[in-house]
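Asks: File follows, final-v2.cif with mmCIF, C-alpha atoms:
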```cif
data_input
#
loop_
_atom_site.group_PDB
_atom_site.id
_atom_site.type_symbol
_atom_site.label_atom_id
_atom_site.label_comp_id
_atom_site.auth_asym_id
_atom_site.auth_seq_id
_atom_site.Cartn_x
_atom_site.Cartn_y
_atom_site.Cartn_z
ATOM 1 C CA MET A 64 74.640 153.163 118.629
ATOM 2 C CA PHE A 65 74.931 153.842 114.905
ATOM 3 C CA PRO A 66 77.036 156.858 113.830
ATOM 4 C CA LEU A 67 74.899 159.807 112.709
ATOM 5 C CA ARG A 68 75.098 159.312 108.964
ATOM 6 C CA SER A 69 74.297 155.597 109.276
ATOM 7 C CA ARG A 70 71.400 156.325 111.600
ATOM 8 C CA LEU A 71 69.929 158.829 109.159
ATOM 9 C CA ALA A 72 70.323 156.446 106.259
ATOM 10 C CA VAL A 73 68.833 153.581 108.208
ATOM 11 C CA LEU A 74 65.972 155.832 109.248
ATOM 12 C CA LEU A 75 64.916 156.309 105.642
ATOM 13 C CA ILE A 76 65.017 152.613 104.993
ATOM 14 C CA GLY A 77 63.378 152.080 108.352
ATOM 15 C CA LEU A 78 60.415 153.994 106.938
ATOM 16 C CA LEU A 79 60.156 151.117 104.522
ATOM 17 C CA ALA A 80 60.120 148.654 107.426
ATOM 18 C CA LEU A 81 63.625 147.319 106.792
ATOM 19 C CA ALA A 82 65.570 148.477 109.848
ATOM 20 C CA PRO A 83 63.970 148.780 113.292
ATOM 21 C CA LEU A 84 67.148 149.044 115.415
ATOM 22 C CA LEU A 85 67.183 152.732 116.277
ATOM 23 C CA SER A 86 66.860 154.862 119.387
ATOM 24 C CA ALA A 87 63.294 155.873 120.224
ATOM 25 C CA GLN A 88 63.213 159.562 119.330
ATOM 26 C CA ALA A 89 61.550 161.680 116.645
ATOM 27 C CA ARG A 90 63.406 162.857 113.547
ATOM 28 C CA THR A 91 62.509 164.979 110.537
ATOM 29 C CA VAL A 92 62.238 163.402 107.108
ATOM 30 C CA TYR A 93 61.272 165.379 104.029
ATOM 31 C CA ARG A 94 58.770 164.003 101.542
ATOM 32 C CA CYS A 95 59.646 165.713 98.258
ATOM 33 C CA VAL A 96 57.583 165.785 95.070
ATOM 34 C CA ARG A 97 58.860 166.711 91.629
ATOM 35 C CA ASN A 98 57.504 165.972 88.143
ATOM 36 C CA GLY A 99 54.995 163.452 89.469
ATOM 37 C CA THR A 100 57.526 161.470 91.507
ATOM 38 C CA VAL A 101 58.083 161.281 95.263
ATOM 39 C CA SER A 102 61.299 160.865 97.225
ATOM 40 C CA LEU A 103 62.396 160.887 100.852
ATOM 41 C CA SER A 104 65.349 162.904 102.087
ATOM 42 C CA THR A 105 67.022 164.018 105.298
ATOM 43 C CA ALA A 106 66.991 167.631 104.009
ATOM 44 C CA PRO A 107 64.819 169.594 101.565
ATOM 45 C CA GLU A 108 65.694 168.799 97.948
ATOM 46 C CA PRO A 109 66.569 171.726 95.702
ATOM 47 C CA GLY A 110 63.981 172.005 92.939
ATOM 48 C CA SER A 111 61.358 169.860 94.701
ATOM 49 C CA LYS A 112 58.311 170.705 96.768
ATOM 50 C CA CYS A 113 59.120 169.240 100.153
ATOM 51 C CA GLU A 114 57.059 168.693 103.283
ATOM 52 C CA ALA A 115 58.670 167.970 106.641
ATOM 53 C CA LYS A 116 57.436 164.880 108.493
ATOM 54 C CA GLN A 117 58.225 164.049 112.099
ATOM 55 C CA VAL A 118 58.987 160.345 112.390
ATOM 56 C CA GLU A 119 59.734 158.267 115.460
ATOM 57 C CA ASP A 120 62.452 155.615 115.281
ATOM 58 C CA ASP A 121 59.849 152.967 115.948
ATOM 59 C CA THR A 122 58.679 150.905 112.987
ATOM 60 C CA ALA A 123 55.380 150.195 114.749
ATOM 61 C CA LYS A 124 54.588 153.911 114.487
ATOM 62 C CA VAL A 125 56.249 154.714 111.167
ATOM 63 C CA PRO A 126 53.868 156.557 108.793
ATOM 64 C CA ASN A 127 53.434 155.556 105.184
ATOM 65 C CA LEU A 128 55.174 158.370 103.289
ATOM 66 C CA TRP A 129 55.291 156.517 99.976
ATOM 67 C CA GLY A 130 51.594 156.000 99.358
ATOM 68 C CA SER A 131 50.413 152.788 97.699
ATOM 69 C CA MET A 132 53.005 151.902 95.082
ATOM 70 C CA GLY A 133 53.219 148.133 95.401
ATOM 71 C CA VAL A 134 56.660 146.490 95.270
ATOM 72 C CA PHE A 135 59.481 148.629 93.919
ATOM 73 C CA SER A 136 63.265 148.881 94.058
ATOM 74 C CA GLY A 137 65.262 152.025 94.605
ATOM 75 C CA THR A 138 68.561 153.524 95.641
ATOM 76 C CA LEU A 139 69.538 155.576 98.659
ATOM 77 C CA TYR A 140 72.032 158.276 97.683
ATOM 78 C CA GLN A 141 74.318 160.454 99.774
ATOM 79 C CA ARG A 142 75.460 163.919 98.849
ATOM 80 C CA GLU A 143 76.915 167.010 100.468
ATOM 81 C CA GLN A 144 74.537 169.929 100.871
ATOM 82 C CA ASP A 145 75.326 173.127 102.771
ATOM 83 C CA GLY A 146 78.377 171.487 104.311
ATOM 84 C CA GLN A 147 76.498 168.446 105.602
ATOM 85 C CA LEU A 148 75.947 164.904 104.368
ATOM 86 C CA VAL A 149 72.394 164.415 103.173
ATOM 87 C CA TYR A 150 70.661 161.150 102.318
ATOM 88 C CA GLY A 151 67.800 160.798 99.866
ATOM 89 C CA THR A 152 66.129 158.510 97.364
ATOM 90 C CA ARG A 153 66.450 160.855 94.364
ATOM 91 C CA LYS A 154 69.680 161.109 92.352
ATOM 92 C CA LEU A 155 70.768 164.736 92.430
ATOM 93 C CA PRO A 156 73.981 166.338 91.131
ATOM 94 C CA GLY A 157 76.922 165.250 93.265
ATOM 95 C CA SER A 158 75.118 162.186 94.644
ATOM 96 C CA THR A 159 76.811 158.842 95.128
ATOM 97 C CA VAL A 160 75.156 155.481 95.733
ATOM 98 C CA TYR A 161 74.865 154.560 99.414
ATOM 99 C CA LEU A 162 72.796 151.361 99.163
ATOM 100 C CA LYS A 163 70.076 149.613 97.145
ATOM 101 C CA PHE A 164 66.697 148.519 98.500
ATOM 102 C CA THR A 165 63.510 146.701 97.503
ATOM 103 C CA VAL A 166 60.325 147.312 99.422
ATOM 104 C CA GLU A 167 56.593 146.685 99.373
ATOM 105 C CA THR A 168 54.444 149.627 100.422
ATOM 106 C CA PRO A 169 51.372 149.038 102.624
ATOM 107 C CA PRO A 170 48.557 147.490 100.549
ATOM 108 C CA GLY A 171 45.768 149.343 102.319
ATOM 109 C CA GLU A 172 45.078 147.489 105.560
ATOM 110 C CA PRO A 173 41.901 145.371 105.302
ATOM 111 C CA ALA A 174 40.512 147.561 102.509
ATOM 112 C CA HIS A 175 39.073 145.813 99.479
ATOM 113 C CA PRO A 176 37.116 146.944 96.444
ATOM 114 C CA GLY A 177 34.123 144.814 97.390
ATOM 115 C CA LEU A 178 32.703 141.772 95.640
ATOM 116 C CA GLY A 179 29.458 143.286 94.364
ATOM 117 C CA LYS A 180 29.185 145.268 91.147
ATOM 118 C CA VAL A 181 27.168 148.422 90.612
ATOM 119 C CA GLY A 182 23.923 147.438 88.975
ATOM 120 C CA LYS A 183 20.194 147.625 89.410
ATOM 121 C CA PRO A 184 18.821 147.638 92.966
ATOM 122 C CA ARG A 185 17.920 144.150 94.204
ATOM 123 C CA LEU A 186 14.977 144.736 96.485
ATOM 124 C CA ASP A 187 14.161 141.040 96.761
ATOM 125 C CA MET A 188 17.335 140.170 98.685
ATOM 126 C CA TYR A 189 16.778 139.781 102.466
ATOM 127 C CA ALA A 190 14.080 142.470 102.366
ATOM 128 C CA LYS A 191 12.574 141.629 105.783
ATOM 129 C CA GLN A 192 16.001 141.415 107.421
ATOM 130 C CA PHE A 193 17.163 144.783 106.112
ATOM 131 C CA LYS A 194 13.877 146.401 107.106
ATOM 132 C CA ALA A 195 14.117 144.961 110.631
ATOM 133 C CA ALA A 196 17.775 145.959 111.033
ATOM 134 C CA ALA A 197 17.022 149.480 109.818
ATOM 135 C CA LYS A 198 14.124 149.797 112.265
ATOM 136 C CA SER A 199 16.118 148.512 115.257
ATOM 137 C CA THR A 200 19.237 150.647 114.630
ATOM 138 C CA GLY A 201 17.869 153.715 112.891
ATOM 139 C CA VAL A 202 20.253 153.203 109.974
ATOM 140 C CA GLU A 203 18.611 153.954 106.645
ATOM 141 C CA ASP A 204 17.420 150.851 104.804
ATOM 142 C CA ALA A 205 18.793 152.149 101.490
ATOM 143 C CA TRP A 206 22.227 152.694 103.078
ATOM 144 C CA LEU A 207 22.312 149.156 104.538
ATOM 145 C CA ARG A 208 21.418 147.672 101.182
ATOM 146 C CA SER A 209 23.972 149.776 99.285
ATOM 147 C CA ILE A 210 26.738 148.558 101.611
ATOM 148 C CA ALA A 211 25.652 144.915 101.278
ATOM 149 C CA HIS A 212 25.352 145.258 97.501
ATOM 150 C CA ALA A 213 28.846 146.757 97.203
ATOM 151 C CA GLU A 214 30.378 144.378 99.696
ATOM 152 C CA SER A 215 29.091 140.959 98.716
ATOM 153 C CA GLY A 216 26.438 141.291 96.042
ATOM 154 C CA PHE A 217 24.155 139.817 98.757
ATOM 155 C CA ASP A 218 26.089 136.536 98.833
ATOM 156 C CA ALA A 219 25.776 135.126 102.358
ATOM 157 C CA ASN A 220 28.725 132.808 101.727
ATOM 158 C CA ALA A 221 31.039 135.480 100.343
ATOM 159 C CA LEU A 222 34.645 135.469 101.553
ATOM 160 C CA SER A 223 37.009 138.193 100.355
ATOM 161 C CA PRO A 224 40.763 137.734 99.838
ATOM 162 C CA LYS A 225 41.258 140.032 102.861
ATOM 163 C CA GLY A 226 39.139 137.777 105.101
ATOM 164 C CA ALA A 227 35.831 139.672 105.146
ATOM 165 C CA GLN A 228 32.834 137.355 105.531
ATOM 166 C CA GLY A 229 29.136 137.149 104.801
ATOM 167 C CA VAL A 230 26.504 139.472 103.384
ATOM 168 C CA MET A 231 27.972 142.552 105.078
ATOM 169 C CA GLN A 232 31.584 141.352 104.622
ATOM 170 C CA LEU A 233 32.556 141.845 108.248
ATOM 171 C CA MET A 234 36.176 141.339 109.238
ATOM 172 C CA PRO A 235 36.614 138.725 112.011
ATOM 173 C CA ASP A 236 37.497 141.332 114.639
ATOM 174 C CA VAL A 237 34.347 143.323 113.837
ATOM 175 C CA SER A 238 32.209 140.166 113.959
ATOM 176 C CA LYS A 239 33.664 139.360 117.354
ATOM 177 C CA GLN A 240 32.977 142.905 118.583
ATOM 178 C CA TYR A 241 29.269 142.502 117.840
ATOM 179 C CA GLY A 242 28.954 138.947 119.108
ATOM 180 C CA VAL A 243 28.505 137.246 115.741
ATOM 181 C CA VAL A 244 28.538 133.457 116.138
ATOM 182 C CA ASP A 245 28.084 132.518 112.477
ATOM 183 C CA PRO A 246 29.505 135.171 110.109
ATOM 184 C CA TYR A 247 27.764 133.444 107.185
ATOM 185 C CA SER A 248 24.316 133.780 108.730
ATOM 186 C CA SER A 249 22.519 136.508 106.806
ATOM 187 C CA VAL A 250 20.558 137.533 109.915
ATOM 188 C CA GLU A 251 23.647 137.856 112.114
ATOM 189 C CA SER A 252 25.698 139.550 109.399
ATOM 190 C CA ILE A 253 23.038 142.150 108.553
ATOM 191 C CA ASN A 254 22.266 142.907 112.211
ATOM 192 C CA ALA A 255 25.958 143.258 113.126
ATOM 193 C CA GLY A 256 26.651 145.296 110.002
ATOM 194 C CA ALA A 257 23.802 147.658 110.859
ATOM 195 C CA ARG A 258 25.082 148.090 114.420
ATOM 196 C CA HIS A 259 28.586 148.748 113.128
ATOM 197 C CA LEU A 260 27.293 151.330 110.658
ATOM 198 C CA LYS A 261 25.292 152.981 113.443
ATOM 199 C CA SER A 262 28.503 153.323 115.454
ATOM 200 C CA LEU A 263 30.356 154.785 112.464
ATOM 201 C CA LEU A 264 27.532 157.227 111.713
ATOM 202 C CA LYS A 265 27.762 158.486 115.278
ATOM 203 C CA ARG A 266 31.564 158.760 115.135
ATOM 204 C CA TYR A 267 31.583 160.672 111.840
ATOM 205 C CA LYS A 268 28.463 162.743 112.517
ATOM 206 C CA ASN A 269 26.495 161.168 109.657
ATOM 207 C CA ASP A 270 29.189 161.892 107.048
ATOM 208 C CA LEU A 271 28.439 158.986 104.717
ATOM 209 C CA THR A 272 31.688 159.373 102.792
ATOM 210 C CA LEU A 273 33.774 158.844 105.932
ATOM 211 C CA VAL A 274 31.453 156.070 107.116
ATOM 212 C CA ALA A 275 31.962 154.159 103.854
ATOM 213 C CA ALA A 276 35.727 154.720 103.984
ATOM 214 C CA ALA A 277 35.954 153.489 107.581
ATOM 215 C CA TYR A 278 33.741 150.474 106.845
ATOM 216 C CA ASN A 279 36.113 149.560 104.038
ATOM 217 C CA ALA A 280 39.583 150.505 105.289
ATOM 218 C CA GLY A 281 39.063 150.762 109.031
ATOM 219 C CA ILE A 282 38.781 153.585 111.536
ATOM 220 C CA GLY A 283 42.564 153.679 111.996
ATOM 221 C CA ALA A 284 43.210 154.440 108.330
ATOM 222 C CA VAL A 285 40.613 157.227 108.238
ATOM 223 C CA THR A 286 42.129 158.725 111.389
ATOM 224 C CA ARG A 287 45.674 158.476 110.056
ATOM 225 C CA TYR A 288 44.853 160.211 106.776
ATOM 226 C CA LYS A 289 42.270 162.580 108.285
ATOM 227 C CA GLY A 290 39.723 161.542 105.689
ATOM 228 C CA VAL A 291 39.324 158.973 102.921
ATOM 229 C CA PRO A 292 42.616 157.022 102.705
ATOM 230 C CA PRO A 293 44.562 157.301 99.422
ATOM 231 C CA TYR A 294 44.086 153.590 98.743
ATOM 232 C CA ALA A 295 42.740 153.060 95.233
ATOM 233 C CA GLU A 296 40.459 150.258 96.438
ATOM 234 C CA THR A 297 38.918 152.451 99.145
ATOM 235 C CA GLN A 298 38.322 155.396 96.853
ATOM 236 C CA ALA A 299 36.687 153.127 94.254
ATOM 237 C CA TYR A 300 34.605 151.519 97.000
ATOM 238 C CA VAL A 301 33.325 154.852 98.301
ATOM 239 C CA GLU A 302 32.248 155.893 94.797
ATOM 240 C CA LYS A 303 30.510 152.552 94.292
ATOM 241 C CA VAL A 304 28.560 152.815 97.551
ATOM 242 C CA GLN A 305 27.531 156.405 96.815
ATOM 243 C CA ALA A 306 26.180 155.401 93.402
ATOM 244 C CA LEU A 307 24.291 152.447 94.864
ATOM 245 C CA HIS A 308 22.882 154.559 97.686
ATOM 246 C CA GLN A 309 21.210 156.894 95.202
ATOM 247 C CA ARG A 310 19.735 153.963 93.298
ATOM 248 C CA TYR A 311 18.360 152.271 96.409
ATOM 249 C CA ARG A 312 16.908 155.538 97.678
ATOM 250 C CA LEU A 313 14.996 155.946 94.443
ATOM 251 C CA ALA A 314 13.926 152.304 94.385
ATOM 252 C CA LEU A 315 12.742 152.324 98.004
ATOM 253 C CA GLY A 316 11.114 155.744 97.782
ATOM 254 C CA PRO A 317 7.366 156.287 98.112
ATOM 255 C CA ALA A 318 5.075 155.439 95.212
ATOM 256 C CA PRO A 319 4.498 158.252 92.692
ATOM 257 C CA LEU A 320 1.741 160.682 93.647
ATOM 258 C CA ARG A 321 -1.607 160.534 91.817
ATOM 259 C CA PRO A 322 -4.675 162.764 91.766
ATOM 260 C CA ALA A 323 -6.890 162.427 94.828
ATOM 261 C CA ASP A 324 -9.899 160.091 94.516
ATOM 262 C CA ALA A 325 -8.823 159.156 91.003
ATOM 263 C CA VAL A 326 -8.838 155.743 89.397
ATOM 264 C CA GLN A 327 -6.363 154.730 86.755
ATOM 265 C CA GLN A 328 -8.109 154.091 83.451
ATOM 266 C CA LYS A 329 -6.933 151.880 80.625
ATOM 267 C CA LEU A 330 -6.612 153.682 77.331
ATOM 268 C CA LYS A 331 -8.690 152.275 74.475
ATOM 269 C CA ALA A 332 -7.300 152.260 70.989
ATOM 270 C CA SER A 333 -9.020 154.898 68.904
ATOM 271 C CA VAL A 334 -10.989 153.748 65.867
ATOM 272 C CA PRO A 335 -10.307 155.768 62.723
#
```
Re-express the file's structure as structure tokens.
Replies:
Amino acid sequence: MFPLRSRLAVLLIGLLALAPLLSAQARTVYRCVRNGTVSLSTAPEPGSKCEAKQVEDDTAKVPNLWGSMGVFSGTLYQREQDGQLVYGTRKLPGSTVYLKFTVETPPGEPAHPGLGKVGKPRLDMYAKQFKAAAKSTGVEDAWLRSIAHAESGFDANALSPKGAQGVMQLMPDVSKQYGVVDPYSSVESINAGARHLKSLLKRYKNDLTLVAAAYNAGIGAVTRYKGVPPYAETQAYVEKVQALHQRYRLALGPAPLRPADAVQQKLKASVP
């Protein structure tokens, strides 16, 4: 067993997935924010706004306290505070260097910004298939199309860097869940995507923001963050889908009303 101060220090680095060899029990780590920067510490930092987090010494269950920062290097410092040794990643008065580290924060699970760009509604793409899928699942046609537009730009052969496939950009595990044989079949992809969206609509009580976030980043991420995950790609994706949804709703809406029993007349140029 590590001595206490080593265990606490390793715990902080363990949060960064560098040291899993600890006893399985919960500990308190403080996530402290000051002047737009975040640090982790074994005790509240003077001058920072700190929030206590309960963390288990199990890297499979370690929460992401850093956010999405990419790859960065830092230093773990030790200092004496209130008669005890404290470890943290911010240099405070009286701190000495304990160790250096380099870490990559979680990239955002299978989240991706999508391959389609916001643009004009494309009503010609797989119109019969979207209509049939909407009718069989009860999922709004405009919503299905906005997801497909944002995900793949209606490219049946689309493959994202994260592994999402087809028109609806389904991840392999989702395709398997809905019995998809050929993920690049537009019929199979649209039908499975509609069924998946139906399930998400039921789970999130028709909250389209959470449905879009879960479709993009996964149910686990939405559960973990109790809402839209802080991943930049997911937040951009949700905004994109919302914008497209409005456009498809307008495009698929009923024809403009006209006076009853009226016939449109062509205007004749007036002769001066």
Asks: Using all atoms listed in the file, can you tell me which of A:Ala257, A:Leu271, A:Ala276, A:Ala106 comes closest to Asp145 (chain A)?
Replies: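 Answer, going by the shortest atom-to-atom distance: A:Ala106.
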Asks: Report as an mmCIF file with C-alpha atoms, in the frame of the given file the residues that result from applying the PyMOL selection byres ((chain A and resi 273) around 12) to the structure here.
Replies:
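File produced: expr38.cif:
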```cif
data_model
loop_
_atom_site.group_PDB
_atom_site.id
_atom_site.type_symbol
_atom_site.label_atom_id
_atom_site.label_comp_id
_atom_site.auth_asym_id
_atom_site.auth_seq_id
_atom_site.Cartn_x
_atom_site.Cartn_y
_atom_site.Cartn_z
ATOM 1 C CA LEU A 260 27.293 151.330 110.658
ATOM 2 C CA LEU A 263 30.356 154.785 112.464
ATOM 3 C CA LEU A 264 27.532 157.227 111.713
ATOM 4 C CA LYS A 265 27.762 158.486 115.278
ATOM 5 C CA ARG A 266 31.564 158.760 115.135
ATOM 6 C CA TYR A 267 31.583 160.672 111.840
ATOM 7 C CA LYS A 268 28.463 162.743 112.517
ATOM 8 C CA ASN A 269 26.495 161.168 109.657
ATOM 9 C CA ASP A 270 29.189 161.892 107.048
ATOM 10 C CA LEU A 271 28.439 158.986 104.717
ATOM 11 C CA THR A 272 31.688 159.373 102.792
ATOM 12 C CA VAL A 274 31.453 156.070 107.116
ATOM 13 C CA ALA A 275 31.962 154.159 103.854
ATOM 14 C CA ALA A 276 35.727 154.720 103.984
ATOM 15 C CA ALA A 277 35.954 153.489 107.581
ATOM 16 C CA TYR A 278 33.741 150.474 106.845
ATOM 17 C CA ASN A 279 36.113 149.560 104.038
ATOM 18 C CA ALA A 280 39.583 150.505 105.289
ATOM 19 C CA GLY A 281 39.063 150.762 109.031
ATOM 20 C CA ILE A 282 38.781 153.585 111.536
ATOM 21 C CA GLY A 283 42.564 153.679 111.996
ATOM 22 C CA ALA A 284 43.210 154.440 108.330
ATOM 23 C CA VAL A 285 40.613 157.227 108.238
ATOM 24 C CA THR A 286 42.129 158.725 111.389
ATOM 25 C CA TYR A 288 44.853 160.211 106.776
ATOM 26 C CA LYS A 289 42.270 162.580 108.285
ATOM 27 C CA GLY A 290 39.723 161.542 105.689
ATOM 28 C CA VAL A 291 39.324 158.973 102.921
ATOM 29 C CA PRO A 292 42.616 157.022 102.705
ATOM 30 C CA THR A 297 38.918 152.451 99.145
ATOM 31 C CA GLN A 298 38.322 155.396 96.853
ATOM 32 C CA TYR A 300 34.605 151.519 97.000
ATOM 33 C CA VAL A 301 33.325 154.852 98.301
ATOM 34 C CA GLU A 302 32.248 155.893 94.797
ATOM 35 C CA VAL A 304 28.560 152.815 97.551
ATOM 36 C CA GLN A 305 27.531 156.405 96.815
#
```
Asks: As a ChimeraX atom specification, please: the residues near Lys191 (chain A) (cut-off 12 Å, all atoms listed in the file, same-chain neighbours under 3 positions excluded).
Replies: /A:186-188,194-198,204,208,249-250,253-254
Asks: Go ahead and find all residues with at least one atom no further than 12 Å from (37.8, 136.3, 106.6) in the file's coordinates, using only C-alpha atoms; report them as a VMD selection string.
Replies: chain A and resid 173 175 220 to 229 231 to 239 245 to 247
Asks: Applied to the shown file, which residues does the PyMOL selection byres ((chain A and resi 99-104) around 8) return, written as a list in words?
Replies: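 This file, filtered by the PyMOL selection byres ((chain A and resi 99-104) around 8), leaves Leu75, Val92, Tyr93, Arg94, Cys95, Val96, Arg97, Asn98, Thr105, Ala106, Pro107, Glu108, Trp129, Val149, Tyr150, Gly151, Thr152 and Arg153 of chain A.
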Asks: Nearest to Glu114 (chain A): which of A:Phe135, A:Leu313, A:Thr91, A:Glu143 is it, counting only C-alpha atoms?
Replies: A:Thr91
Asks: What is the CA of Ser215 (chain A)-CA of Leu178 (chain A) distance in Å, reported with one decimal?
Replies: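 Computing it gives 4.8 Å between the two atoms.
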Asks: Nearest to Leu162 (chain A) among A:Ser136, A:Pro184, A:Gly177, A:Arg310, with distances taken over all atoms listed in the file: which residue is it?
Replies: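 Looking at the shortest contact to Leu162 (chain A), the residue is A:Ser136.
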Asks: What is the CA of Val244 (chain A)-CA of Ala205 (chain A) distance in Å, reported with one decimal?
Replies: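 Interatomic distance here is 25.7 Å.
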